[in-house]
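Student: Contents are compact mmCIF, C-alpha atoms; file name final_34.txt:
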# COMPACT_ATOMS: atom_id res chain seq x y z
CA MET A 194 0.00 0.00 0.00
CA SER A 195 1.41 3.36 -0.96
CA TYR A 196 1.49 6.24 1.46
CA TRP A 197 -1.13 8.03 -0.61
CA GLU A 198 -3.57 5.12 -0.31
CA PHE A 199 -2.88 5.01 3.40
CA LEU A 200 -3.72 8.71 3.72
CA VAL A 201 -6.93 8.39 1.72
CA GLU A 202 -8.05 5.45 3.81
CA GLN A 203 -7.10 6.79 7.24
CA GLY A 204 -7.43 10.52 6.50
CA PRO A 205 -10.87 10.99 8.09
CA ARG A 206 -9.65 9.52 11.37
CA PHE A 207 -6.63 11.81 11.42
CA VAL A 208 -8.95 14.75 10.77
CA ASP A 209 -11.32 13.70 13.57
CA GLY A 210 -8.43 13.36 15.96
CA ALA A 211 -6.90 16.66 14.92
CA LEU A 212 -10.22 18.43 15.52
CA ILE A 213 -10.46 17.02 19.05
CA THR A 214 -6.85 18.09 19.64
CA ALA A 215 -7.73 21.59 18.39
CA VAL A 216 -10.72 21.81 20.75
CA GLN A 217 -8.68 20.50 23.69
CA PHE A 218 -5.96 23.01 22.83
CA ALA A 219 -8.40 25.93 22.70
CA LEU A 220 -10.18 25.07 25.96
CA ALA A 221 -6.92 24.34 27.80
CA ALA A 222 -5.41 27.60 26.50
CA VAL A 223 -8.36 29.69 27.73
CA LEU A 224 -8.19 28.00 31.13
CA ALA A 225 -4.41 28.37 31.34
CA ILE A 226 -4.55 32.09 30.49
CA ALA A 227 -7.27 32.74 33.07
CA ILE A 228 -5.42 30.80 35.77
CA ALA A 229 -2.09 32.40 34.88
CA LEU A 230 -3.54 35.88 35.16
CA LEU A 231 -5.24 35.12 38.46
CA ALA A 232 -2.33 33.26 40.08
CA GLY A 233 0.22 35.72 38.70
CA LEU A 234 -1.62 38.69 40.19
CA MET A 235 -2.21 36.80 43.45
CA LYS A 236 1.50 36.14 43.74
CA LEU A 237 2.15 39.88 43.60
CA SER A 238 -0.36 40.55 46.38
CA SER A 239 0.93 41.90 49.68
CA ASN A 240 -1.57 39.78 51.60
CA PRO A 241 0.46 36.71 52.74
CA LEU A 242 -2.58 34.44 52.58
CA ILE A 243 -3.37 35.30 48.95
CA LYS A 244 0.29 35.24 47.97
CA GLY A 245 0.86 31.96 49.83
CA SER A 246 -1.99 30.15 48.13
CA ALA A 247 -0.71 31.26 44.72
CA VAL A 248 2.81 30.06 45.58
CA ILE A 249 1.50 26.68 46.74
CA TYR A 250 -0.57 26.28 43.58
CA ILE A 251 2.32 27.19 41.32
CA GLU A 252 4.89 25.01 43.08
CA LEU A 253 2.50 22.06 43.29
CA PHE A 254 1.75 22.10 39.58
CA ARG A 255 5.27 22.93 38.46
CA GLY A 256 6.86 20.44 40.82
CA THR A 257 4.98 17.37 39.58
CA SER A 258 4.43 15.97 36.11
CA LEU A 259 1.48 16.77 33.89
CA LEU A 260 0.82 13.06 33.48
CA VAL A 261 0.68 12.57 37.27
CA GLN A 262 -1.73 15.50 37.56
CA LEU A 263 -3.89 14.18 34.74
CA TYR A 264 -4.19 10.72 36.31
CA TRP A 265 -4.80 12.24 39.72
CA ILE A 266 -7.60 14.46 38.41
CA PHE A 267 -9.15 11.63 36.43
CA PHE A 268 -8.74 8.66 38.79
CA VAL A 269 -8.44 10.13 42.29
CA LEU A 270 -10.71 13.18 42.31
CA PRO A 271 -13.82 10.97 41.88
CA LEU A 272 -12.96 9.46 45.28
CA PHE A 273 -13.45 12.93 46.73
CA GLY A 274 -16.86 13.12 45.08
CA LEU A 275 -15.78 15.20 42.10
CA THR A 276 -16.14 13.15 38.95
CA LEU A 277 -14.99 14.80 35.74
CA GLU A 278 -15.77 13.36 32.36
CA LYS A 279 -12.57 12.31 30.54
CA PHE A 280 -12.84 15.12 27.99
CA THR A 281 -13.18 17.71 30.76
CA ALA A 282 -10.51 16.11 32.93
CA GLY A 283 -8.15 16.28 29.93
CA PHE A 284 -8.25 20.00 29.24
CA VAL A 285 -8.62 20.90 32.92
CA ALA A 286 -5.38 19.07 33.76
CA VAL A 287 -3.47 20.57 30.83
CA GLY A 288 -4.86 24.06 31.52
CA MET A 289 -4.09 23.94 35.23
CA ASN A 290 -0.55 22.68 34.62
CA LEU A 291 0.38 25.24 32.00
CA GLY A 292 -1.48 27.93 33.95
CA ALA A 293 1.04 27.48 36.75
CA TYR A 294 3.91 28.08 34.32
CA GLY A 295 2.03 31.01 32.81
CA ALA A 296 1.54 32.58 36.25
CA GLU A 297 5.29 33.04 36.53
CA LEU A 298 5.31 34.73 33.11
CA VAL A 299 2.51 37.07 34.20
CA ARG A 300 4.35 37.93 37.40
CA GLY A 301 7.60 38.56 35.52
CA GLY A 302 5.80 40.58 32.85
CA ILE A 303 4.12 42.83 35.40
CA GLN A 304 7.34 43.32 37.35
CA SER A 305 9.15 44.32 34.17
CA VAL A 306 6.89 47.36 33.67
CA PRO A 307 8.99 50.40 34.73
CA ARG A 308 8.23 51.89 38.14
CA GLY A 309 7.55 55.28 36.59
CA GLN A 310 4.42 53.87 34.95
CA TRP A 311 3.02 52.87 38.34
CA GLU A 312 3.89 56.24 39.80
CA ALA A 313 2.40 58.14 36.85
CA ALA A 314 -0.87 56.22 37.12
CA TYR A 315 -0.88 56.84 40.85
CA SER A 316 -0.29 60.56 40.47
CA LEU A 317 -3.20 60.72 38.00
CA SER A 318 -5.22 59.22 40.89
CA MET A 319 -6.35 56.21 38.91
CA SER A 320 -8.04 53.49 40.91
CA PRO A 321 -5.85 50.39 41.48
CA ALA A 322 -8.08 48.32 39.17
CA LYS A 323 -7.95 50.89 36.41
CA ARG A 324 -4.21 51.32 36.83
CA MET A 325 -3.67 47.59 36.46
CA TRP A 326 -6.09 47.13 33.58
CA ARG A 327 -5.36 50.23 31.50
CA ILE A 328 -1.71 50.99 32.21
CA ILE A 329 0.23 48.04 33.60
CA LEU A 330 -1.30 44.93 32.01
CA PRO A 331 -1.13 46.10 28.35
CA GLN A 332 2.57 46.82 28.72
CA ALA A 333 3.15 43.64 30.68
CA LEU A 334 1.31 41.69 27.98
CA LEU A 335 3.67 42.94 25.31
CA ASN A 336 6.67 41.91 27.40
CA MET A 337 5.42 38.41 27.96
CA LEU A 338 4.05 37.60 24.51
CA PRO A 339 7.21 35.87 23.17
CA PRO A 340 7.46 33.41 26.11
CA TRP A 341 3.71 32.82 25.89
CA GLY A 342 4.25 31.66 22.33
CA ASN A 343 6.57 28.95 23.62
CA LEU A 344 4.17 28.11 26.42
CA LEU A 345 1.31 27.61 23.97
CA ILE A 346 3.46 25.14 22.02
CA GLU A 347 4.10 23.29 25.28
CA LEU A 348 0.36 23.34 25.87
CA LEU A 349 -0.29 21.86 22.45
CA LYS A 350 2.20 19.10 23.20
CA GLY A 351 0.60 18.58 26.60
CA THR A 352 -2.77 17.86 25.02
CA ALA A 353 -1.30 14.69 23.50
CA LEU A 354 -1.33 13.18 26.99
CA VAL A 355 -5.14 13.26 27.19
CA SER A 356 -5.07 10.27 24.83
CA LEU A 357 -3.85 8.23 27.81
CA ILE A 358 -7.24 8.67 29.49
CA SER A 359 -8.89 7.70 26.17
CA VAL A 360 -9.90 11.10 24.86
CA ALA A 361 -10.06 10.48 21.11
CA ASP A 362 -7.53 13.14 20.11
CA LEU A 363 -4.91 12.95 17.35
CA MET A 364 -2.52 10.91 19.48
CA PHE A 365 -5.29 8.45 20.40
CA GLU A 366 -6.37 8.01 16.78
CA ALA A 367 -2.76 7.46 15.76
CA LYS A 368 -2.43 4.68 18.32
CA GLN A 369 -5.67 3.10 17.09
CA ILE A 370 -4.60 3.29 13.44
CA ASN A 371 -1.21 1.82 14.33
CA GLY A 372 -2.97 -1.02 16.13
CA SER A 373 -5.08 -1.91 13.10
CA THR A 374 -2.62 -1.33 10.25
CA TYR A 375 0.81 -1.90 11.84
CA LEU A 376 2.13 0.86 9.57
CA SER A 377 3.90 2.62 12.42
CA ALA A 378 6.19 4.93 10.46
CA GLN A 379 3.34 6.23 8.30
CA THR A 380 0.89 6.54 11.18
CA PHE A 381 3.06 8.21 13.79
CA GLY A 382 4.93 10.16 11.13
CA THR A 383 1.67 11.66 9.83
CA ALA A 384 0.57 12.54 13.36
CA LEU A 385 3.94 14.18 14.07
CA ILE A 386 3.63 16.26 10.92
CA ILE A 387 0.09 17.36 11.83
CA TYR A 388 1.25 18.49 15.28
CA TYR A 389 4.18 20.28 13.69
CA LEU A 390 2.01 22.10 11.17
CA PHE A 391 -0.44 23.03 13.93
CA ALA A 392 2.39 24.65 15.87
CA ARG A 393 4.25 26.15 12.95
CA VAL A 394 1.38 27.32 10.74
CA LEU A 395 -1.24 28.27 13.33
CA VAL A 396 0.15 28.96 16.80
CA THR A 397 3.48 30.66 16.07
CA PRO A 398 2.23 33.01 13.29
CA PHE A 399 -0.79 33.90 15.41
CA MET A 400 1.47 34.93 18.30
CA ARG A 401 3.67 36.96 15.93
CA TRP A 402 0.57 38.71 14.60
CA LEU A 403 -0.66 39.41 18.13
CA GLU A 404 2.70 40.91 18.99
CA GLN A 405 2.50 43.23 15.97
CA VAL A 406 -1.02 44.28 16.97
CA MET A 407 0.08 45.00 20.54
CA LEU A 408 3.09 46.97 19.33
CA ARG A 409 0.85 49.12 17.17
CA LYS A 410 -1.71 49.63 19.95
CA LEU A 411 0.98 50.77 22.33
CA GLY A 412 2.45 53.02 19.65
CA ARG A 413 5.82 51.31 19.72
CA THR A 414 6.29 50.72 16.02
CA GLU A 415 8.98 52.73 14.35
CA MET B 146 -17.39 6.85 52.54
CA MET B 147 -15.93 8.31 49.43
CA PHE B 148 -12.38 8.84 50.53
CA ASP B 149 -10.39 6.55 52.81
CA TRP B 150 -6.64 6.68 52.90
CA ARG B 151 -5.29 3.29 54.02
CA TRP B 152 -1.97 3.50 55.78
CA ASP B 153 -1.32 -0.26 55.79
CA PHE B 154 -1.70 -0.25 52.00
CA THR B 155 0.57 2.80 51.82
CA TRP B 156 3.37 1.02 53.70
CA GLU B 157 2.86 -2.06 51.57
CA ILE B 158 3.36 -0.25 48.25
CA LEU B 159 5.94 2.29 49.35
CA PRO B 160 9.00 0.01 48.85
CA ARG B 161 7.88 -0.75 45.30
CA LEU B 162 7.43 2.90 44.54
CA ILE B 163 10.79 3.80 46.02
CA SER B 164 12.64 1.22 43.94
CA ALA B 165 10.77 2.55 40.90
CA THR B 166 11.97 6.03 41.83
CA ALA B 167 15.51 4.75 41.33
CA ASN B 168 14.52 3.79 37.77
CA THR B 169 12.97 7.21 37.21
CA LEU B 170 16.18 8.90 38.34
CA LEU B 171 18.22 6.56 36.16
CA ALA B 172 16.05 7.29 33.13
CA ALA B 173 16.27 11.04 33.73
CA GLY B 174 20.04 10.86 34.23
CA ALA B 175 20.70 8.73 31.17
CA GLY B 176 18.35 10.80 29.01
CA TYR B 177 20.03 13.98 30.20
CA GLY B 178 23.47 12.57 29.44
CA ILE B 179 22.44 11.81 25.87
CA ALA B 180 20.78 15.22 25.53
CA ILE B 181 23.86 17.12 26.75
CA VAL B 182 26.13 15.52 24.16
CA LEU B 183 23.66 15.41 21.27
CA GLY B 184 22.54 18.96 22.01
CA LEU B 185 26.11 20.16 21.61
CA VAL B 186 26.36 18.35 18.28
CA LEU B 187 23.14 19.99 17.11
CA ALA B 188 24.28 23.42 18.28
CA LEU B 189 27.75 23.19 16.72
CA SER B 190 26.44 21.83 13.43
CA GLN B 191 24.52 25.08 13.07
CA ARG B 192 27.78 26.99 13.16
CA THR B 193 29.49 25.41 10.16
CA PRO B 194 29.93 27.32 6.89
CA TYR B 195 27.45 24.97 5.17
CA ARG B 196 24.20 26.96 4.97
CA LEU B 197 22.13 23.95 3.94
CA LEU B 198 23.22 21.95 7.00
CA THR B 199 22.33 24.87 9.27
CA LEU B 200 18.91 25.14 7.65
CA VAL B 201 18.17 21.42 7.95
CA VAL B 202 19.33 21.22 11.57
CA ARG B 203 17.30 24.33 12.50
CA GLU B 204 14.15 22.87 11.02
CA PHE B 205 14.83 19.53 12.71
CA VAL B 206 15.24 21.23 16.10
CA GLU B 207 12.00 23.16 15.57
CA PHE B 208 10.26 19.95 14.59
CA ILE B 209 11.39 18.08 17.70
CA ARG B 210 10.52 21.00 19.93
CA SER B 211 7.00 21.47 18.64
CA THR B 212 5.78 17.88 18.58
CA PRO B 213 4.70 15.89 21.65
CA LEU B 214 7.25 13.73 23.42
CA VAL B 215 4.78 10.85 23.88
CA LEU B 216 4.28 10.67 20.16
CA GLN B 217 8.04 10.65 19.60
CA ILE B 218 8.38 7.83 22.14
CA PHE B 219 5.77 5.80 20.27
CA PHE B 220 7.44 6.61 16.97
CA VAL B 221 10.86 5.34 18.06
CA PHE B 222 9.41 2.29 19.79
CA PHE B 223 7.17 1.11 16.95
CA VAL B 224 9.07 2.20 13.86
CA GLY B 225 12.24 0.32 14.90
CA PRO B 226 10.70 -3.15 14.50
CA GLN B 227 9.04 -2.10 11.22
CA ILE B 228 12.45 -1.55 9.65
CA GLY B 229 13.92 -4.57 11.37
CA ILE B 230 15.53 -3.08 14.47
CA ARG B 231 14.07 -4.37 17.73
CA LEU B 232 14.61 -1.88 20.52
CA SER B 233 13.80 -2.55 24.14
CA PRO B 234 11.44 -0.08 25.87
CA TRP B 235 14.41 1.31 27.80
CA THR B 236 16.54 1.87 24.71
CA SER B 237 13.79 3.48 22.67
CA GLY B 238 12.70 5.56 25.65
CA MET B 239 16.22 6.86 26.18
CA ILE B 240 16.62 7.64 22.47
CA ALA B 241 13.32 9.53 22.34
CA ILE B 242 13.73 11.52 25.54
CA GLY B 243 17.43 12.18 24.86
CA LEU B 244 16.67 13.41 21.36
CA HIS B 245 13.75 15.54 22.55
CA TYR B 246 15.81 17.32 25.17
CA SER B 247 18.87 17.61 22.94
CA ALA B 248 16.77 19.91 20.76
CA TYR B 249 16.01 22.09 23.78
CA LEU B 250 19.60 22.03 25.00
CA SER B 251 20.93 22.92 21.55
CA GLU B 252 18.91 26.14 21.81
CA VAL B 253 20.44 26.80 25.21
CA TYR B 254 23.94 26.24 23.82
CA ARG B 255 23.17 28.40 20.81
CA GLY B 256 22.11 31.25 23.05
CA GLY B 257 25.21 30.80 25.19
CA LEU B 258 27.58 30.73 22.20
CA ASN B 259 25.91 33.81 20.76
CA SER B 260 26.41 35.63 24.06
CA VAL B 261 30.20 35.47 23.70
CA PRO B 262 31.36 38.86 22.34
CA VAL B 263 32.52 38.78 18.73
CA GLY B 264 35.87 40.29 19.78
CA GLN B 265 36.76 37.00 21.45
CA TRP B 266 36.42 35.18 18.13
CA GLU B 267 38.46 37.81 16.38
CA ALA B 268 41.16 37.60 19.05
CA CYS B 269 41.32 33.82 18.52
CA SER B 270 41.77 34.13 14.79
CA ALA B 271 44.32 36.92 15.32
CA LEU B 272 46.30 34.49 17.47
CA SER B 273 45.67 31.84 14.80
CA LEU B 274 44.31 29.33 17.30
CA SER B 275 42.87 26.17 15.82
CA THR B 276 39.06 25.81 15.73
CA ARG B 277 39.27 23.15 18.41
CA LYS B 278 41.34 25.31 20.69
CA THR B 279 39.17 28.32 20.02
CA TYR B 280 36.09 26.44 21.20
CA TRP B 281 37.62 24.50 24.07
CA ARG B 282 39.87 27.12 25.61
CA ILE B 283 38.21 30.42 24.80
CA ILE B 284 34.59 30.23 23.71
CA ILE B 285 33.01 27.37 25.68
CA PRO B 286 34.32 28.47 29.10
CA GLN B 287 32.76 31.88 28.51
CA ALA B 288 29.53 30.52 27.05
CA LEU B 289 28.99 28.08 29.91
CA PRO B 290 27.70 30.49 32.59
CA ALA B 291 25.03 31.78 30.21
CA CYS B 292 23.99 28.18 29.50
CA PHE B 293 23.80 27.06 33.06
CA ALA B 294 20.35 28.35 34.02
CA GLY B 295 18.74 26.82 30.94
CA MET B 296 20.57 23.52 31.39
CA GLY B 297 19.39 23.29 35.00
CA ASN B 298 15.79 24.00 34.06
CA TYR B 299 15.82 21.22 31.51
CA LEU B 300 17.31 18.79 34.03
CA VAL B 301 14.21 19.35 36.15
CA GLY B 302 12.11 19.23 32.98
CA ILE B 303 13.45 15.85 31.86
CA LEU B 304 12.77 14.45 35.32
CA LYS B 305 9.15 15.52 35.09
CA ASP B 306 8.77 14.07 31.60
CA THR B 307 9.99 10.57 32.52
CA PRO B 308 6.42 9.41 33.43
CA MET B 309 5.69 9.44 29.69
CA LEU B 310 8.07 6.49 29.34
CA SER B 311 5.42 4.40 31.11
CA VAL B 312 3.41 4.29 27.88
CA ILE B 313 5.86 1.85 26.30
CA GLY B 314 6.36 -0.09 29.54
CA VAL B 315 9.52 1.34 31.08
CA ALA B 316 9.17 0.34 34.73
CA GLU B 317 9.52 3.82 36.19
CA LEU B 318 7.39 5.47 38.86
CA MET B 319 4.22 6.07 36.87
CA HIS B 320 4.28 2.61 35.35
CA THR B 321 4.58 1.06 38.81
CA ALA B 322 1.73 3.20 40.12
CA ASN B 323 -0.44 2.11 37.19
CA ALA B 324 0.42 -1.53 37.89
CA ILE B 325 -0.46 -1.17 41.57
CA GLY B 326 -3.70 0.58 40.62
CA SER B 327 -4.80 -2.17 38.27
CA GLU B 328 -3.85 -4.96 40.70
CA SER B 329 -5.60 -3.52 43.74
CA TYR B 330 -8.21 -1.18 42.21
CA ARG B 331 -6.89 1.49 44.55
CA PHE B 332 -5.72 4.65 42.86
CA LEU B 333 -5.75 7.16 45.69
CA GLU B 334 -2.56 6.03 47.43
CA PRO B 335 -0.31 5.16 44.44
CA TYR B 336 -1.08 8.29 42.42
CA THR B 337 -0.91 10.58 45.44
CA LEU B 338 2.40 9.05 46.52
CA VAL B 339 3.80 9.46 43.02
CA GLY B 340 2.87 13.14 43.18
CA ILE B 341 4.54 13.53 46.57
CA ILE B 342 7.68 11.68 45.44
CA PHE B 343 7.93 13.96 42.41
CA LEU B 344 7.64 17.03 44.61
CA LEU B 345 10.27 15.62 46.98
CA VAL B 346 12.67 14.98 44.12
CA SER B 347 12.05 17.94 41.80
CA LEU B 348 11.89 20.79 44.32
CA PRO B 349 15.30 19.97 45.92
CA THR B 350 16.75 19.37 42.43
CA ALA B 351 15.56 22.81 41.38
CA GLY B 352 17.10 24.29 44.54
CA LEU B 353 20.37 22.44 43.94
CA VAL B 354 20.47 23.73 40.38
CA ARG B 355 20.15 27.32 41.66
CA ILE B 356 22.96 26.80 44.19
CA SER B 357 25.34 25.18 41.71
CA GLU B 358 24.54 27.89 39.20
CA MET B 359 25.71 30.53 41.67
CA TRP B 360 28.75 28.42 42.52
CA VAL B 361 29.82 28.12 38.87
CA ARG B 362 29.31 31.82 38.32
CA ARG B 363 31.50 32.66 41.28
CA LYS B 364 34.10 30.11 40.22
CA LEU B 365 34.32 31.63 36.75
CA GLY B 366 34.31 35.15 38.12
CA VAL B 367 31.04 36.26 36.49
CA TYR B 368 28.20 37.58 38.59
Turn this file's structure into structure tokens for me.

Tutor:
Amino acid sequence: MSYWEFLVEQGPRFVDGALITAVQFALAAVLAIAIALLAGLMKLSSNPLIKGSAVIYIELFRGTSLLVQLYWIFFVLPLFGLTLEKFTAGFVAVGMNLGAYGAELVRGGIQSVPRGQWEAAYSLSMSPAKRMWRIILPQALLNMLPPWGNLLIELLKGTALVSLISVADLMFEAKQINGSTYLSAQTFGTALIIYYLFARVLVTPFMRWLEQVMLRKLGRTE
Amino acid sequence: MMFDWRWDFTWEILPRLISATANTLLAAGAGYGIAIVLGLVLALSQRTPYRLLTLVVREFVEFIRSTPLVLQIFFVFFVGPQIGIRLSPWTSGMIAIGLHYSAYLSEVYRGGLNSVPVGQWEACSALSLSTRKTYWRIIIPQALPACFAGMGNYLVGILKDTPMLSVIGVAELMHTANAIGSESYRFLEPYTLVGIIFLLVSLPTAGLVRISEMWVRRKLGVY
């Protein structure tokens, strides 16, 4: 069987899997961004209780493996009375894990905004919320966009693990196809290329574009 | 009762998990060893005068870095037999994880080599040092401090990625926890213990990396 025939025959399953991967990626990314923003801001709080809980969250999720967290959320949480469906458990685990890494980026991004900006906003008697939202965060966002691009690639790669709790994503379909055809090089090779194109054609250019937009909005283009 | 932690069961499985931890550390160490060497090869091969080689290696590094490690592990494990090479789970796991992290480390090395001022290169050629001597005696010692932080982070990273080796049956921590879970139908203790063991290993490792980073910086006289 030629590679072309293989693709025609198994193409629909690759497409199905890739779509599930895309959905998992999108949901996990939204969750990770929300958590990163929340935990990153909490870590900058002067209240030791708020700061402490953010530190514990971040260290807990950065100190253990994504796979361990995924299995824990899927197999152990039900024992505490919280049963998540496998699809939900998948993106929740990936989002919470990468959110912890993102929190550090948010913290670093905010801290990299020059002090004068805080002082200027203060002297214009802006409310703390307005100061953060209108002055600090947009500049912080621009600073942290490049590392967020890398983080989103890590997130995409992380979604491949949800196949291990039987979410029918690209990785899962690849394993199934390999099991029925035994054409391992073609099967896993195709899946690798799809992941690569996803990262290289969608995620990275999108982040570049976002960076350009932010630069223009902040009036920093030459 | 939805949640009952059994201590007797905990003590029963703890020795198994601890001996599996040794395998996890071994896998991380061996993978890291491969990655350190291979990463250097990948980084240096991007510095040759052959533009095509640079281009191919760059794309290869990008490819490895943007595709999932689990998939790469499966690829190495299953494609070997298809072309007539039978690899054990350990061998294919080490190849996959070593290759994956060599791509990351090559980027670290690249950044470090680029951080050496161009005057240093010019001084070497002015003294007509050989390429080997230039790298070994002048460039690498100066590039190393800039590399250290990244190298340390990936040491912790590789440790946390070893559970993925369980998918092809490498008897590390996660694999053992899965086995215990399917024998006893108890998941609470094994998975929780695995989490705790990872915290106990990775947090001190991260701390140790920070300390040794400072030590090397002081030793080399850069702050």

Student: Considering only C-alpha atoms, tabulate each residue of chain A that lies at most 6 Å from chain B along with its nearest interatomic pair and the corresponding distance in Å to one decimal; arrange the rows by chain and ascending residue number and present them as a Markdown table.

Tutor:
| residue | atom | partner | partner_atom | distance |
| --- | --- | --- | --- | --- |
| A:Gly256 | CA | B:Leu344 | CA | 5.2 |
| A:Thr257 | CA | B:Phe343 | CA | 5.3 |
| A:Ser258 | CA | B:Lys305 | CA | 4.8 |
| A:Val269 | CA | B:Leu333 | CA | 5.3 |
| A:Leu272 | CA | B:Met147 | CA | 5.2 |
| A:Phe273 | CA | B:Phe148 | CA | 5.7 |
| A:Lys350 | CA | B:Pro213 | CA | 4.4 |
| A:Ser377 | CA | B:Val224 | CA | 5.4 |
| A:Ala378 | CA | B:Val224 | CA | 5.2 |
| A:Phe381 | CA | B:Phe220 | CA | 5.6 |
| A:Tyr388 | CA | B:Thr212 | CA | 5.6 |
| A:Tyr389 | CA | B:Thr212 | CA | 5.7 |

Student: List every protein, DNA or RNA residue that has an atom no more than 6 Å from (-6.4, 24.4, 34.6) in the file's coordinate frame, counting all atoms listed in the file, and report them as a list in words.

Tutor: Leu224, Ala225, Val285, Ala286, Gly288 and Met289 of chain A

Student: Enter the distance from atom CA of Ala229 of chain A to atom CA of Ser320 of chain A, in Å, rounded to one decimal.

Tutor: 22.7 Å

Student: Residues at most 12 Å from Leu408 of chain A, counting all atoms listed in the file, excluding those fewer than 4 positions away in the same chain, as an MDAnalysis selection string?

Tutor: chainID A and resid 331:336 338 401:404 412:415

Student: Around all the atoms of segment 355-362 of chain B listed in the file, draw an axis-aligned box and extend it by 4 Å on each of the six sides; I want its centre and edge lengths in Å to one decimal, as AutoDock Vina command-line options.

Tutor:
--center_x 25.0 --center_y 28.5 --center_z 41.3 --size_x 17.7 --size_y 14.6 --size_z 13.9

Student: Which residue out of B:Ile230, B:Ala188, B:Val202, B:Ala175 has the minimum interatomic distance to Leu250 of chain B when only C-alpha atoms are used?

Tutor: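 Looking only at the distances to Leu250 of chain B, the closest residue turns out to be B:Ala188.
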
Student: Would you compute the distance between atom CA of Arg355 of chain B and atom CA of Arg300 of chain A? Give it in Å to one decimal.

Tutor: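 Between atom CA of Arg355 of chain B and atom CA of Arg300 of chain A the gap works out to 19.5 Å.
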
Student: Compare A:Val201, A:Leu363, A:Ala221, A:Val261 by their minimum atom-to-atom distance to Leu344 of chain A, counting only C-alpha atoms, and give me the closest one.

Tutor: A:Ala221

Student: Identify the residues around (-4.2, 17.8, 27.7) within a radius of 10 Å, measuring from all atoms listed in the file in the coordinates stated by the file, and give them as a ChimeraX atom specification.

Tutor: /A:214,217-218,220-222,259-260,263,280-291,348-358,360,362

Student: So the first atom is atom CA of Val248 of chain A and the second is atom CA of Ala293 of chain A; what is the distance between them in Å, to one decimal place?

Tutor: 9.4 Å

Student: Which is closest to Tyr299 of chain B among B:Gly238, B:Gly178, B:Gly257, B:Pro194, if we use only C-alpha atoms?

Tutor: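 Going through B:Gly238, B:Gly178, B:Gly257, B:Pro194 one by one, the smallest distance to Tyr299 of chain B is for B:Gly178.
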
Student: So, counting all atoms listed in the file, which residue among A:Pro339, A:Pro321, A:Gly233, A:Gly274 is closest to Gly301 of chain A?

Tutor: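 Answer, going by the shortest atom-to-atom distance: A:Gly233.
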
Student: Could you list, as a list in words, every residue within 10 Å of Ile163 of chain B, counting all atoms listed in the file and ignoring same-chain residues fewer than 3 positions away?

Tutor: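 Neighbouring residues, sequence-local ones excluded: Ile158, Leu159, Pro160, Thr166, Ala167, Asn168, Thr169, Glu317, Leu318, Thr321, Leu338, Val339 and Ile342 of chain B.
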
Student: Quick one: everything within 10 Å of Met400 of chain A, counting all atoms listed in the file, minus sequence neighbours fewer than 3 positions away in the same chain. Send it as an NGL selection string.

Tutor: :A and (338-343 or 345 or 395-397 or 403-406)

Student: With distances taken over only C-alpha atoms, which of B:Leu289, B:Leu258, B:Ala324, B:Lys278 is nearest to Leu162 of chain B?

Tutor: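 Using only C-alpha atoms, the shortest distance to Leu162 of chain B belongs to B:Ala324.
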